[in-house]
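Visitor: Please find work.csv (CSV, C-alpha atoms and all ligand atoms) on the next line:
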chain,number,residue,atom,x,y,z
T,1,MET,CA,-23.6,3.5,-3.6
T,2,LEU,CA,-21.3,5.0,-1.0
T,3,LYS,CA,-18.3,3.2,-2.4
T,4,ASP,CA,-18.8,4.8,-5.8
T,5,LEU,CA,-19.3,8.2,-4.2
T,6,PHE,CA,-16.0,8.0,-2.3
T,7,ILE,CA,-14.0,6.6,-5.3
T,8,GLY,CA,-15.4,9.5,-7.3
T,9,LEU,CA,-14.4,12.0,-4.7
T,10,SER,CA,-10.9,10.4,-4.4
T,11,GLN,CA,-10.4,11.2,-8.1
T,12,ASN,CA,-11.6,14.8,-8.0
T,13,GLU,CA,-8.6,16.8,-9.0
T,14,LEU,CA,-9.9,20.1,-7.6
T,15,LEU,CA,-10.6,18.7,-4.2
T,16,ASN,CA,-7.2,16.9,-4.2
T,17,THR,CA,-5.5,20.2,-4.9
T,18,ALA,CA,-7.6,22.1,-2.4
T,19,ALA,CA,-7.0,19.6,0.4
T,20,LYS,CA,-3.2,20.0,0.2
T,21,LYS,CA,-3.5,23.6,1.4
T,22,TYR,CA,-5.5,22.9,4.5
T,23,GLY,CA,-3.5,20.2,6.4
T,24,LEU,CA,-5.0,17.0,7.7
T,25,LYS,CA,-8.8,17.4,8.1
T,26,LEU,CA,-12.0,15.3,8.4
T,27,GLY,CA,-10.3,12.8,10.8
T,28,ALA,CA,-7.6,11.9,8.3
T,29,GLN,CA,-5.1,12.4,11.1
T,30,SER,CA,-6.0,9.1,12.6
T,31,VAL,CA,-4.9,7.2,9.4
T,32,VAL,CA,-2.2,9.5,8.1
T,33,ALA,CA,1.0,9.8,10.1
T,34,GLY,CA,1.4,13.6,9.8
T,35,THR,CA,2.1,16.1,7.0
T,36,ASN,CA,5.9,16.1,7.4
T,37,LEU,CA,8.9,13.7,7.5
T,38,GLU,CA,9.7,14.3,11.2
T,39,GLN,CA,6.2,13.3,12.2
T,40,ALA,CA,6.4,10.2,10.0
T,41,ILE,CA,9.8,9.2,11.5
T,42,GLN,CA,8.4,9.6,15.0
T,43,SER,CA,5.5,7.3,14.1
T,44,ILE,CA,7.9,4.7,12.6
T,45,LYS,CA,10.0,4.8,15.8
T,46,GLU,CA,6.9,4.1,17.9
T,47,LEU,CA,5.9,1.2,15.7
T,48,ASN,CA,9.4,-0.2,15.6
T,49,ALA,CA,9.4,-0.2,19.4
T,50,HIS,CA,6.6,-2.8,19.2
T,51,GLY,CA,8.5,-5.0,16.8
T,52,ILE,CA,6.6,-3.6,13.8
T,53,ALA,CA,8.4,-2.7,10.5
T,54,CYS,CA,7.1,0.0,8.3
T,55,THR,CA,6.6,0.8,4.6
T,56,VAL,CA,6.5,4.5,4.1
T,57,ASP,CA,4.4,6.3,1.5
T,58,ASN,CA,5.1,9.9,0.9
T,59,LEU,CA,1.6,10.5,-0.3
T,60,GLY,CA,1.1,11.8,-3.8
T,61,GLU,CA,-1.1,11.3,-6.9
T,62,PHE,CA,-2.7,13.4,-9.7
T,63,VAL,CA,0.7,14.5,-10.9
T,64,PHE,CA,0.5,15.9,-14.4
T,65,LYS,CA,3.6,18.2,-14.5
T,66,LYS,CA,7.2,17.0,-14.7
T,67,GLU,CA,8.2,19.5,-12.0
T,68,GLU,CA,5.8,18.0,-9.6
T,69,ALA,CA,7.0,14.5,-10.3
T,70,THR,CA,10.6,15.6,-9.9
T,71,GLU,CA,9.7,17.2,-6.6
T,72,ALA,CA,8.0,13.9,-5.5
T,73,LYS,CA,11.1,12.0,-6.4
T,74,GLU,CA,13.3,14.4,-4.4
T,75,GLN,CA,11.0,14.0,-1.4
T,76,ILE,CA,11.2,10.2,-1.6
T,77,LEU,CA,15.0,10.4,-1.8
T,78,GLU,CA,14.8,12.5,1.4
T,79,VAL,CA,12.7,9.8,3.0
T,80,ILE,CA,15.3,7.2,2.1
T,81,GLU,CA,18.1,9.3,3.6
T,82,ALA,CA,16.0,9.9,6.8
T,83,ILE,CA,15.3,6.1,7.2
T,84,HIS,CA,19.0,5.5,6.8
T,85,GLN,CA,20.1,8.3,9.2
T,86,ASN,CA,17.6,7.3,11.9
T,87,GLN,CA,18.3,3.6,11.5
T,88,VAL,CA,14.6,2.8,11.6
T,89,ASP,CA,13.2,-0.5,10.3
T,90,ALA,CA,11.4,0.8,7.2
T,91,HIS,CA,11.3,0.7,3.4
T,92,ILE,CA,9.5,2.6,0.7
T,93,SER,CA,6.1,2.4,-1.0
T,94,LEU,CA,5.6,4.6,-4.0
T,95,LYS,CA,3.0,5.2,-6.7
T,96,PRO,CA,4.2,5.3,-10.3
T,97,SER,CA,1.6,8.0,-11.1
T,98,GLN,CA,3.2,10.2,-8.5
T,99,LEU,CA,6.5,9.9,-10.4
T,100,GLY,CA,5.1,10.8,-13.8
T,101,LEU,CA,3.6,7.7,-15.2
T,102,ASP,CA,0.7,9.7,-16.6
T,103,ILE,CA,3.1,12.2,-18.2
T,104,GLU,CA,5.7,9.9,-19.9
T,105,TYR,CA,6.7,6.3,-19.3
T,106,ALA,CA,10.5,6.8,-19.8
T,107,PHE,CA,10.5,9.8,-17.5
T,108,CYS,CA,8.7,7.8,-14.8
T,109,LEU,CA,11.0,4.8,-15.3
T,110,GLU,CA,14.1,7.0,-14.7
T,111,ASN,CA,12.5,8.6,-11.5
T,112,VAL,CA,11.7,5.1,-10.1
T,113,ARG,CA,15.2,3.9,-11.1
T,114,GLU,CA,16.8,6.7,-9.1
T,115,ILE,CA,14.8,5.8,-6.0
T,116,VAL,CA,15.5,2.1,-6.3
T,117,ASP,CA,19.1,2.8,-6.9
T,118,ARG,CA,19.4,5.0,-3.8
T,119,ALA,CA,17.5,2.5,-1.7
T,120,SER,CA,19.8,-0.3,-2.9
T,121,ARG,CA,22.8,1.5,-1.5
T,122,TYR,CA,21.3,1.1,1.9
T,123,ASP,CA,20.0,-2.4,1.1
T,124,PHE,CA,16.4,-1.7,1.6
T,125,PHE,CA,13.3,-2.5,-0.4
T,126,VAL,CA,11.1,-0.4,-2.7
T,127,ASN,CA,7.5,-1.4,-3.3
T,128,MET,CA,5.6,-0.1,-6.3
T,129,ASP,CA,2.0,0.2,-5.2
T,130,MET,CA,-0.5,-0.8,-7.8
T,131,GLU,CA,-3.1,1.7,-8.9
T,132,ASP,CA,-6.0,1.4,-11.4
T,133,THR,CA,-6.1,-0.7,-14.5
T,134,LYS,CA,-4.8,2.1,-16.8
T,135,ARG,CA,-1.5,2.0,-14.8
T,136,LEU,CA,-1.3,-1.8,-14.3
T,137,GLN,CA,0.8,-3.0,-17.3
T,138,PRO,CA,3.1,0.0,-17.4
T,139,SER,CA,3.9,-0.6,-13.7
T,140,PHE,CA,4.7,-4.2,-14.3
T,141,ASP,CA,6.9,-3.1,-17.2
T,142,ILE,CA,8.8,-0.8,-14.9
T,143,LEU,CA,9.3,-3.6,-12.5
T,144,GLU,CA,10.6,-5.9,-15.1
T,145,GLU,CA,12.9,-3.2,-16.5
T,146,LEU,CA,14.4,-2.3,-13.1
T,147,SER,CA,14.8,-5.9,-12.0
T,148,LYS,CA,17.4,-6.4,-14.7
T,149,GLU,CA,19.7,-4.2,-12.5
T,150,TYR,CA,18.2,-4.4,-9.0
T,151,ASP,CA,16.7,-7.0,-6.7
T,152,ASN,CA,15.2,-4.7,-4.1
T,153,VAL,CA,12.0,-3.8,-6.0
T,154,GLY,CA,8.6,-5.5,-5.9
T,155,THR,CA,5.0,-4.8,-6.5
T,156,VAL,CA,1.4,-5.6,-5.7
T,157,ILE,CA,-1.2,-8.1,-7.0
T,158,GLN,CA,-4.8,-7.1,-6.8
T,159,ALA,CA,-7.1,-10.0,-6.3
T,160,TYR,CA,-10.1,-8.4,-8.0
T,161,PHE,CA,-8.5,-8.7,-11.4
T,162,PHE,CA,-9.2,-11.8,-13.5
T,163,ARG,CA,-5.6,-11.5,-14.7
T,164,ALA,CA,-4.2,-11.7,-11.1
T,165,GLU,CA,-3.6,-15.5,-11.3
T,166,GLU,CA,-1.6,-15.2,-14.5
T,167,ASP,CA,0.3,-12.2,-13.0
T,168,ILE,CA,1.2,-13.9,-9.8
T,169,LYS,CA,2.6,-16.8,-11.7
T,170,LYS,CA,4.6,-14.5,-14.0
T,171,TYR,CA,6.0,-12.4,-11.1
T,172,LYS,CA,6.4,-15.1,-8.5
T,173,ASN,CA,10.1,-14.5,-8.1
T,174,TYR,CA,9.5,-11.0,-6.8
T,175,ARG,CA,8.6,-9.9,-3.4
T,176,LEU,CA,4.8,-9.4,-3.8
T,177,ARG,CA,2.2,-7.7,-1.7
T,178,ILE,CA,-1.2,-9.3,-2.2
T,179,VAL,CA,-4.3,-7.2,-1.7
T,180,LYS,CA,-8.0,-7.4,-2.6
T,181,GLY,CA,-7.8,-4.1,-4.6
T,182,ALA,CA,-8.9,-0.6,-3.8
T,183,TYR,CA,-10.1,1.0,-7.1
T,184,LYS,CA,-13.3,0.7,-9.1
T,185,GLU,CA,-12.7,-1.6,-12.0
T,186,PRO,CA,-15.1,-2.6,-14.8
T,187,ALA,CA,-16.9,-6.0,-14.8
T,188,GLU,CA,-15.0,-7.0,-18.0
T,189,LEU,CA,-11.8,-7.0,-16.1
T,190,ALA,CA,-12.5,-7.6,-12.5
T,191,TYR,CA,-14.7,-9.5,-10.0
T,192,GLN,CA,-17.4,-7.3,-8.6
T,193,GLU,CA,-18.8,-9.6,-5.9
T,194,LYS,CA,-17.0,-9.5,-2.5
T,195,SER,CA,-17.3,-13.3,-2.1
T,196,GLU,CA,-15.5,-13.8,-5.5
T,197,ILE,CA,-12.8,-11.3,-4.6
T,198,ASP,CA,-12.3,-12.9,-1.2
T,199,SER,CA,-12.1,-16.4,-2.6
T,200,ASN,CA,-9.6,-15.4,-5.3
T,201,TYR,CA,-7.6,-13.5,-2.6
T,202,ILE,CA,-7.2,-16.7,-0.6
T,203,ASN,CA,-6.2,-18.7,-3.7
T,204,LEU,CA,-3.5,-16.2,-4.7
T,205,ILE,CA,-2.1,-16.0,-1.2
T,206,GLU,CA,-1.9,-19.8,-0.8
T,207,TRP,CA,-0.3,-20.1,-4.3
T,208,HIS,CA,2.3,-17.5,-3.6
T,209,LEU,CA,3.1,-18.8,-0.1
T,210,LEU,CA,3.8,-22.2,-1.6
T,211,ASN,CA,5.6,-21.1,-4.8
T,212,GLY,CA,6.7,-17.4,-4.5
T,213,LYS,CA,9.6,-15.5,-3.1
T,214,PHE,CA,8.3,-13.5,-0.2
T,215,THR,CA,4.6,-12.7,0.4
T,216,SER,CA,3.2,-9.6,2.1
T,217,ILE,CA,-0.4,-10.4,3.0
T,218,ALA,CA,-2.0,-6.9,3.2
T,219,THR,CA,-5.4,-7.0,4.8
T,220,HIS,CA,-7.5,-6.0,7.8
T,221,ASP,CA,-9.7,-9.1,7.4
T,222,HIS,CA,-9.3,-11.3,10.4
T,223,LYS,CA,-10.9,-14.2,8.6
T,224,VAL,CA,-8.1,-14.1,6.0
T,225,ILE,CA,-5.5,-13.7,8.6
T,226,ASN,CA,-6.7,-16.7,10.6
T,227,HIS,CA,-6.9,-18.8,7.5
T,228,VAL,CA,-3.3,-17.8,6.6
T,229,LYS,CA,-2.1,-18.7,10.1
T,230,GLU,CA,-3.6,-22.2,9.7
T,231,PHE,CA,-2.3,-22.6,6.2
T,232,VAL,CA,1.3,-21.8,7.0
T,233,ARG,CA,1.2,-24.1,10.0
T,234,ALA,CA,-0.3,-27.0,8.0
T,235,ASN,CA,2.2,-26.5,5.2
T,236,ASN,CA,5.3,-25.8,7.3
T,237,ILE,CA,5.9,-22.4,5.7
T,238,PRO,CA,8.5,-20.6,7.8
T,239,LYS,CA,7.8,-17.1,9.2
T,240,GLU,CA,10.7,-15.7,7.2
T,241,LYS,CA,8.8,-16.3,4.0
T,242,PHE,CA,5.9,-13.9,4.7
T,243,GLU,CA,4.6,-11.0,6.6
T,244,PHE,CA,1.2,-9.4,7.4
T,245,GLN,CA,0.6,-5.8,6.5
T,246,MET,CA,-2.0,-3.3,7.6
T,247,LEU,CA,-2.5,0.4,7.1
T,248,TYR,CA,-1.5,2.9,9.7
T,249,GLY,CA,-4.2,3.6,12.2
T,250,PHE,CA,-6.4,0.5,11.4
T,251,ARG,CA,-7.0,-2.4,13.8
T,252,LYS,CA,-4.1,-1.3,16.0
T,253,ASP,CA,-4.8,-4.0,18.6
T,254,LEU,CA,-4.7,-6.7,16.0
T,255,GLN,CA,-1.4,-5.2,14.6
T,256,LEU,CA,0.2,-5.4,18.0
T,257,LYS,CA,-1.2,-8.9,18.7
T,258,LEU,CA,0.2,-10.4,15.4
T,259,ALA,CA,3.6,-8.8,16.1
T,260,SER,CA,3.6,-10.1,19.7
T,261,GLU,CA,2.8,-13.6,18.4
T,262,GLY,CA,6.1,-13.5,16.5
T,263,TYR,CA,4.7,-12.9,12.9
T,264,ASN,CA,6.6,-10.5,10.7
T,265,PHE,CA,4.4,-7.4,10.7
T,266,CYS,CA,4.7,-4.3,8.6
T,267,THR,CA,2.6,-1.2,8.9
T,268,TYR,CA,2.0,1.0,5.8
T,269,VAL,CA,2.7,4.5,7.0
T,270,PRO,CA,1.3,7.3,4.7
T,271,PHE,CA,2.3,10.9,5.4
T,272,GLY,CA,2.3,14.2,3.6
T,273,GLN,CA,0.0,16.9,2.4
T,274,ASP,CA,-1.5,15.0,-0.4
T,275,TRP,CA,-3.7,12.9,1.9
T,276,TYR,CA,-7.1,13.5,0.3
T,277,GLY,CA,-7.3,10.7,-2.4
T,278,TYR,CA,-5.8,8.2,0.0
T,279,PHE,CA,-8.3,9.0,2.7
T,280,MET,CA,-11.3,8.9,0.4
T,281,ARG,CA,-10.3,5.4,-0.8
T,282,ARG,CA,-10.3,4.3,2.8
T,283,LEU,CA,-13.8,5.6,3.2
T,284,ALA,CA,-14.9,3.8,0.0
T,285,GLU,CA,-13.5,0.5,1.4
T,286,ARG,CA,-15.3,0.6,4.6
T,287,PRO,CA,-18.1,3.1,5.3
T,288,GLN,CA,-17.6,2.4,9.0
T,289,ASN,CA,-14.5,4.5,8.6
T,290,LEU,CA,-16.9,7.4,8.4
T,291,ASN,CA,-16.7,7.2,12.2
T,292,LEU,CA,-13.3,8.8,11.9
T,293,VAL,CA,-15.0,11.8,10.2
T,294,ALA,CA,-17.9,11.9,12.7
T,295,LYS,CA,-15.6,11.8,15.7
T,296,GLN,CA,-13.6,14.7,14.2
T,297,VAL,CA,-16.7,16.8,13.4
T,298,PHE,CA,-18.3,16.3,16.8
T,299,ASN,CA,-15.1,16.8,18.8
T,300,LYS,CA,-14.8,20.4,17.5
T,401,LIG,P1,-12.2,-5.8,3.7
T,401,LIG,O1,-12.7,-6.7,2.6
T,401,LIG,O2,-12.4,-4.3,3.6
T,401,LIG,O3,-12.9,-6.2,5.1
T,401,LIG,C1,-13.1,-7.6,5.4
T,401,LIG,C2,-13.6,-7.7,6.8
T,401,LIG,O4,-12.5,-7.4,7.7
T,401,LIG,C3,-14.7,-6.7,7.2
T,401,LIG,O5,-16.0,-7.2,6.8
T,401,LIG,C4,-14.5,-6.6,8.7
T,401,LIG,O6,-15.1,-7.8,9.3
T,401,LIG,C5,-13.0,-6.7,8.8
T,401,LIG,N1,-12.4,-5.4,8.9
T,401,LIG,C6,-11.8,-4.7,7.8
T,401,LIG,N2,-11.4,-3.5,8.2
T,401,LIG,C7,-11.6,-3.4,9.6
T,401,LIG,C8,-11.4,-2.4,10.5
T,401,LIG,N3,-10.8,-1.3,10.2
T,401,LIG,N4,-11.8,-2.7,11.8
T,401,LIG,C9,-12.4,-3.8,12.1
T,401,LIG,N5,-12.6,-4.8,11.2
T,401,LIG,C10,-12.3,-4.6,10.0
T,401,LIG,N6,-5.0,-1.6,-2.8
T,401,LIG,C11,-4.5,-1.4,-4.1
T,401,LIG,O7,-5.4,-1.4,-5.0
T,401,LIG,N7,-3.2,-1.2,-4.3
T,401,LIG,C12,-2.3,-1.2,-3.4
T,401,LIG,O8,-1.1,-1.0,-3.7
T,401,LIG,C13,-2.7,-1.4,-2.0
T,401,LIG,N8,-1.8,-1.5,-1.0
T,401,LIG,C14,-2.2,-1.8,0.3
T,401,LIG,C15,-1.3,-1.9,1.3
T,401,LIG,C16,-1.7,-2.3,2.6
T,401,LIG,C17,-0.8,-2.5,3.7
T,401,LIG,C18,-3.1,-2.6,2.8
T,401,LIG,C19,-3.6,-3.1,4.1
T,401,LIG,C20,-4.0,-2.4,1.8
T,401,LIG,C21,-3.6,-2.0,0.5
T,401,LIG,N9,-4.5,-1.8,-0.5
T,401,LIG,C22,-4.1,-1.6,-1.8
T,401,LIG,C23,-6.0,-1.8,-0.2
T,401,LIG,C24,-6.7,-3.1,-0.4
T,401,LIG,O9,-6.7,-3.4,-1.8
T,401,LIG,C25,-8.1,-3.2,0.2
T,401,LIG,O10,-8.9,-2.2,-0.5
T,401,LIG,C26,-8.2,-2.8,1.6
T,401,LIG,O11,-7.1,-3.4,2.4
T,401,LIG,C27,-9.6,-3.3,2.2
T,401,LIG,O12,-9.7,-4.7,2.1
T,401,LIG,P2,-9.3,-5.7,3.4
T,401,LIG,O13,-8.6,-6.9,2.8
T,401,LIG,O14,-8.5,-4.9,4.4
T,401,LIG,O15,-10.7,-6.1,4.0
Show the structure stored in the file as structure tokens.
Guide:
Amino acid sequence: MLKDLFIGLSQNELLNTAAKKYGLKLGAQSVVAGTNLEQAIQSIKELNAHGIACTVDNLGEFVFKKEEATEAKEQILEVIEAIHQNQVDAHISLKPSQLGLDIEYAFCLENVREIVDRASRYDFFVNMDMEDTKRLQPSFDILEELSKEYDNVGTVIQAYFFRAEEDIKKYKNYRLRIVKGAYKEPAELAYQEKSEIDSNYINLIEWHLLNGKFTSIATHDHKVINHVKEFVRANNIPKEKFEFQMLYGFRKDLQLKLASEGYNFCTYVPFGQDWYGYFMRRLAERPQNLNLVAKQVFNK
């Protein structure tokens, strides 16, 4: 299956490393907002001009050396300073594995703490993206640990996991992004059928909208978005309690439409040299995204 192929490619360490050297290729530039911070800030300004907030991901994964994790932390701190200096409407998304989760839990916790602490000075939010099952519980543990000191940190619930319902109840007082889930997970742990994932996704969103703190509904699925619009109207849920999120470069017209309709909207803006794994996961989700590659190849 194409999905398995692209997930496999996304996890290929050699290709991840090689891609860093060659800049954005294969059409990745339509879904990655540049390789450096200046380009990312420019993209954020353009989105902000349309009333769209941003969550910024300084791309990185496959970090197995402490020096690399420390470098990733320093880069994210620079992003925080740049957001503050440019006074743009943006916050941070980060991946615990980028900050050393696969090396040592305590080391990663301190890296994330430093980032959350810096962001708290400027009163903006840090989201811990959720990765695959191996990193799930340690990421929740970091969240719980940091929330003893800070209230500007939240995470993601992936609807394909059987445990998602329990997790959403446990973490309802955090700002949560709810997604379908982007990794390949085993049948003992996760729904495999799209219909089952979609249905659990709707249940989780509805539950969190009614009971949770703040809900980020992160999807490109117009059926889900239309359902949520109806649901919030029927249940008098104020617009301040939720936002829609989509990835940079996807369904741009729909992004603008939702923002112009007065919904809180936030675009996930990935940038940096480590674009390869992120791009392969986008191809795994939606083989039509191969159009991005085809356009690039034939435009040469
Ligand atoms: P899909 O199930 O892929 O698509 C449903 C339907 O929507 C399609 O059949 C089609 O009709 C329509 N559609 C979808 N895309 C398009 C398009 N580009 N153009 C036109 N129609 C389209 N996953 C994680 O595991 N961890 C995370 O931390 C995480 N963070 C995310 C943050 C954001 C902002 C977003 C948007 C996604 C994130 N994801 C994350 C990925 C997520 O889990 C899904 O893999 C991804 O969003 C694909 O699912 P979907 O809900 O967008 O719709």
Visitor: As a quick test: using all atoms listed in the file, which residues lie no more than 9 Å away from ligand LIG 401 (chain T)? Give them as an MDAnalysis selection string.
Guide: chainID T and resid 55 93:95 127:132 155:160 177:183 194 197:198 201 216:224 244:252 266:269 281:282 284:286 288:289
Visitor: Considering all atoms listed in the file, can you say which of T:Ser97, T:Thr35, T:Gln75, T:Asn111 comes closest to Pro138 in chain T?
Guide: T:Ser97
Visitor: Looking at T:Gln273, T:Gln255, T:Gln85, T:Asn226, which one is nearest to Ile52 in chain T, with distances taken over all atoms listed in the file?
Guide: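 Distance minimum relative to Ile52 in chain T lands on T:Gln255.
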Visitor: So that I can check the surroundings of Asp123 in chain T, please list as a list in words every protein, DNA and RNA residue that reaches within 10 Å of it, counting only C-alpha atoms and ignoring chain neighbours fewer than 5 positions away.
Guide: His84, His91, Val116, Asp117, Arg118, Asp151 and Asn152 of chain T
Visitor: Have a look at T:Glu68, T:Glu149, T:Glu74, T:Asp102 and name the one nearest to Ile115 in chain T; count all atoms listed in the file.
Guide: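 Looking only at the distances to Ile115 in chain T, the closest residue turns out to be T:Glu74.
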Visitor: Do a neighbour search on Ala40 in chain T at 8 Å with all atoms listed in the file, toss out local chain neighbours closer than 4 positions, and write the hits as a VMD selection string.
Guide: chain T and resid 33 to 36 44 269 to 271
